[in-house]
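Just below is one structure, and these are the notes that go with it.
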Amino acid sequence: MGNKTIKAKDRFMTTHECAEILHCHPGNIRKIIKEGKLPAIIVRRAFLVDRADFENYIKTLRVIPSA
């Protein structure tokens with residue numbers, strides 16, 4: 001069995017990294033976090049977002065066109 005360790009830098013994303021993916025300002029990501037739409041932790045006054053939570057949030061943004 002392989003012992004797989006996940007480094008924090010691989011598991012968590014900064015608001016800047018999230019904003020870069022969504023092509024928006026990091027302030028928008030902080031607002032989404034404060035509204036409770038995207039879970040995050042605070043480390044040294046900075047928000048860190050779990051990649052899995054971010055991927056789940058992105059799924060909620062999908063728009064399915066009607067026929």
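Order determines the names: the first chain of the structure tokens is A, the second B, and so forth; residues in each chain are numbered 1 upward, and ligands are numbered 1 upward as they are shown.
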
Env of region 57-60 of chain A: 10 Å cut, atoms = only C-alpha atoms, seq-sep filter 5 positions within chain, self excluded. Answer as a short mmCIF file (atom, residue, chain, number, x, y, z; two decimals) with N, CA and C atoms, in the first residue's frame.
data_model
loop_
_atom_site.label_atom_id
_atom_site.label_comp_id
_atom_site.auth_asym_id
_atom_site.auth_seq_id
_atom_site.Cartn_x
_atom_site.Cartn_y
_atom_site.Cartn_z
N LEU A 22 -11.43 31.87 -12.46
CA LEU A 22 -12.75 32.39 -12.82
C LEU A 22 -12.69 33.73 -13.56
N LYS A 37 -21.10 31.13 0.36
CA LYS A 37 -21.29 30.31 -0.83
C LYS A 37 -20.11 29.40 -1.13
N LEU A 38 -18.94 29.77 -0.59
CA LEU A 38 -17.72 29.00 -0.82
C LEU A 38 -17.00 28.84 0.51
N PRO A 39 -16.90 27.61 1.03
CA PRO A 39 -16.20 27.40 2.31
C PRO A 39 -14.71 27.72 2.19
N ARG A 51 -9.53 22.76 -2.71
CA ARG A 51 -9.76 22.56 -4.15
C ARG A 51 -11.08 21.84 -4.43
N ALA A 52 -11.41 20.85 -3.61
CA ALA A 52 -12.66 20.11 -3.81
C ALA A 52 -13.87 21.02 -3.62
#

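The residue set within 12 Å of Arg11 (chain A), counting only C-alpha atoms and dropping same-chain residues fewer than 6 places from it, reads Thr5, Ala40, Leu48, Val49, Asp50, Arg51, Ala52, Asp53, Phe54 and Glu55 of chain A.
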
* DSSP-assigned alpha helix (DSSP H) among chain A, expressed as a PyMOL selection string -> chain A and resi 8-11+15-22+26-34+51-60

Go ahead and save the residues from that selection, with N, CA, C and O atoms, as a short mmCIF file (atom, residue, chain, number, x, y, z; two decimals), in the first residue's frame.
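The file below, out.cif, is the result:
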data_model
loop_
_atom_site.label_atom_id
_atom_site.label_comp_id
_atom_site.auth_asym_id
_atom_site.auth_seq_id
_atom_site.Cartn_x
_atom_site.Cartn_y
_atom_site.Cartn_z
N ALA A 8 -0.29 20.78 1.72
CA ALA A 8 -1.28 21.85 1.86
C ALA A 8 -1.34 22.71 0.60
O ALA A 8 -2.42 23.11 0.17
N LYS A 9 -0.19 22.97 -0.01
CA LYS A 9 -0.19 23.82 -1.21
C LYS A 9 -0.88 23.15 -2.40
O LYS A 9 -1.33 23.82 -3.30
N ASP A 10 -0.97 21.82 -2.36
CA ASP A 10 -1.68 21.10 -3.41
C ASP A 10 -3.18 20.99 -3.12
O ASP A 10 -3.98 20.86 -4.03
N ARG A 11 -3.54 21.03 -1.84
CA ARG A 11 -4.94 20.88 -1.45
C ARG A 11 -5.69 22.20 -1.41
O ARG A 11 -6.87 22.26 -1.73
N THR A 15 -7.20 33.05 -2.69
CA THR A 15 -8.26 33.76 -3.41
C THR A 15 -7.75 34.23 -4.77
O THR A 15 -8.51 34.28 -5.73
N HIS A 16 -6.47 34.54 -4.86
CA HIS A 16 -5.89 34.96 -6.15
C HIS A 16 -5.94 33.82 -7.17
O HIS A 16 -6.26 34.04 -8.34
N GLU A 17 -5.61 32.61 -6.73
CA GLU A 17 -5.64 31.46 -7.64
C GLU A 17 -7.07 31.16 -8.10
O GLU A 17 -7.30 30.87 -9.27
N CYS A 18 -8.03 31.26 -7.18
CA CYS A 18 -9.43 31.04 -7.54
C CYS A 18 -9.89 32.10 -8.54
O CYS A 18 -10.55 31.79 -9.53
N ALA A 19 -9.52 33.34 -8.27
CA ALA A 19 -9.92 34.45 -9.14
C ALA A 19 -9.32 34.30 -10.54
O ALA A 19 -9.97 34.61 -11.54
N GLU A 20 -8.10 33.83 -10.60
CA GLU A 20 -7.44 33.64 -11.90
C GLU A 20 -8.21 32.62 -12.74
O GLU A 20 -8.42 32.83 -13.94
N ILE A 21 -8.67 31.56 -12.12
CA ILE A 21 -9.43 30.53 -12.84
C ILE A 21 -10.77 31.07 -13.31
O ILE A 21 -11.20 30.78 -14.44
N LEU A 22 -11.43 31.87 -12.46
CA LEU A 22 -12.75 32.39 -12.82
C LEU A 22 -12.69 33.73 -13.56
O LEU A 22 -13.72 34.30 -13.89
N PRO A 26 -9.81 39.05 -7.04
CA PRO A 26 -9.79 38.30 -5.78
C PRO A 26 -10.81 38.81 -4.76
O PRO A 26 -11.31 38.04 -3.94
N GLY A 27 -11.14 40.08 -4.83
CA GLY A 27 -12.16 40.64 -3.94
C GLY A 27 -13.52 39.98 -4.15
O GLY A 27 -14.30 39.83 -3.21
N ASN A 28 -13.80 39.58 -5.39
CA ASN A 28 -15.06 38.87 -5.66
C ASN A 28 -15.07 37.52 -4.98
O ASN A 28 -16.10 37.07 -4.47
N ILE A 29 -13.94 36.84 -4.95
CA ILE A 29 -13.84 35.54 -4.29
C ILE A 29 -14.03 35.73 -2.79
O ILE A 29 -14.76 34.96 -2.14
N ARG A 30 -13.40 36.75 -2.21
CA ARG A 30 -13.57 37.02 -0.78
C ARG A 30 -15.03 37.31 -0.46
O ARG A 30 -15.56 36.84 0.56
N LYS A 31 -15.73 38.01 -1.33
CA LYS A 31 -17.15 38.31 -1.13
C LYS A 31 -17.98 37.01 -1.15
O LYS A 31 -18.85 36.82 -0.30
N ILE A 32 -17.69 36.13 -2.09
CA ILE A 32 -18.39 34.84 -2.19
C ILE A 32 -18.17 34.02 -0.92
O ILE A 32 -19.09 33.38 -0.41
N ILE A 33 -16.95 34.06 -0.40
CA ILE A 33 -16.63 33.35 0.84
C ILE A 33 -17.42 33.93 2.01
O ILE A 33 -18.05 33.22 2.78
N LYS A 34 -17.41 35.26 2.12
CA LYS A 34 -18.10 35.93 3.23
C LYS A 34 -19.61 35.72 3.16
O LYS A 34 -20.29 35.72 4.18
N ARG A 51 -9.53 22.76 -2.71
CA ARG A 51 -9.76 22.56 -4.15
C ARG A 51 -11.08 21.84 -4.43
O ARG A 51 -11.78 22.17 -5.37
N ALA A 52 -11.41 20.85 -3.61
CA ALA A 52 -12.66 20.11 -3.81
C ALA A 52 -13.87 21.02 -3.62
O ALA A 52 -14.83 20.95 -4.40
N ASP A 53 -13.82 21.90 -2.62
CA ASP A 53 -14.92 22.85 -2.40
C ASP A 53 -15.03 23.83 -3.58
O ASP A 53 -16.12 24.18 -4.01
N PHE A 54 -13.87 24.25 -4.10
CA PHE A 54 -13.87 25.17 -5.24
C PHE A 54 -14.47 24.50 -6.47
O PHE A 54 -15.29 25.10 -7.17
N GLU A 55 -14.11 23.25 -6.71
CA GLU A 55 -14.66 22.52 -7.86
C GLU A 55 -16.16 22.34 -7.72
O GLU A 55 -16.91 22.48 -8.69
N ASN A 56 -16.63 22.06 -6.49
CA ASN A 56 -18.07 21.95 -6.26
C ASN A 56 -18.77 23.28 -6.48
O ASN A 56 -19.87 23.33 -7.03
N TYR A 57 -18.14 24.38 -6.07
CA TYR A 57 -18.73 25.70 -6.29
C TYR A 57 -18.85 26.00 -7.78
O TYR A 57 -19.87 26.50 -8.24
N ILE A 58 -17.82 25.67 -8.54
CA ILE A 58 -17.86 25.89 -9.98
C ILE A 58 -19.02 25.14 -10.62
O ILE A 58 -19.69 25.64 -11.51
N LYS A 59 -19.28 23.93 -10.14
CA LYS A 59 -20.39 23.14 -10.68
C LYS A 59 -21.72 23.84 -10.48
O LYS A 59 -22.62 23.71 -11.31
N THR A 60 -21.85 24.61 -9.40
CA THR A 60 -23.11 25.33 -9.15
C THR A 60 -23.28 26.50 -10.11
O THR A 60 -24.39 27.01 -10.25
#

* Secondary structure check, strand (DSSP E) residues of chain A, as a PyMOL selection string -> chain A and resi 12-14+41-43+46-50

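For the set A:Leu61, A:Ile41, A:Glu35, A:Ala67, the residue with the smallest atom-to-atom gap to Thr14 (chain A) is A:Ile41, counting only C-alpha atoms.
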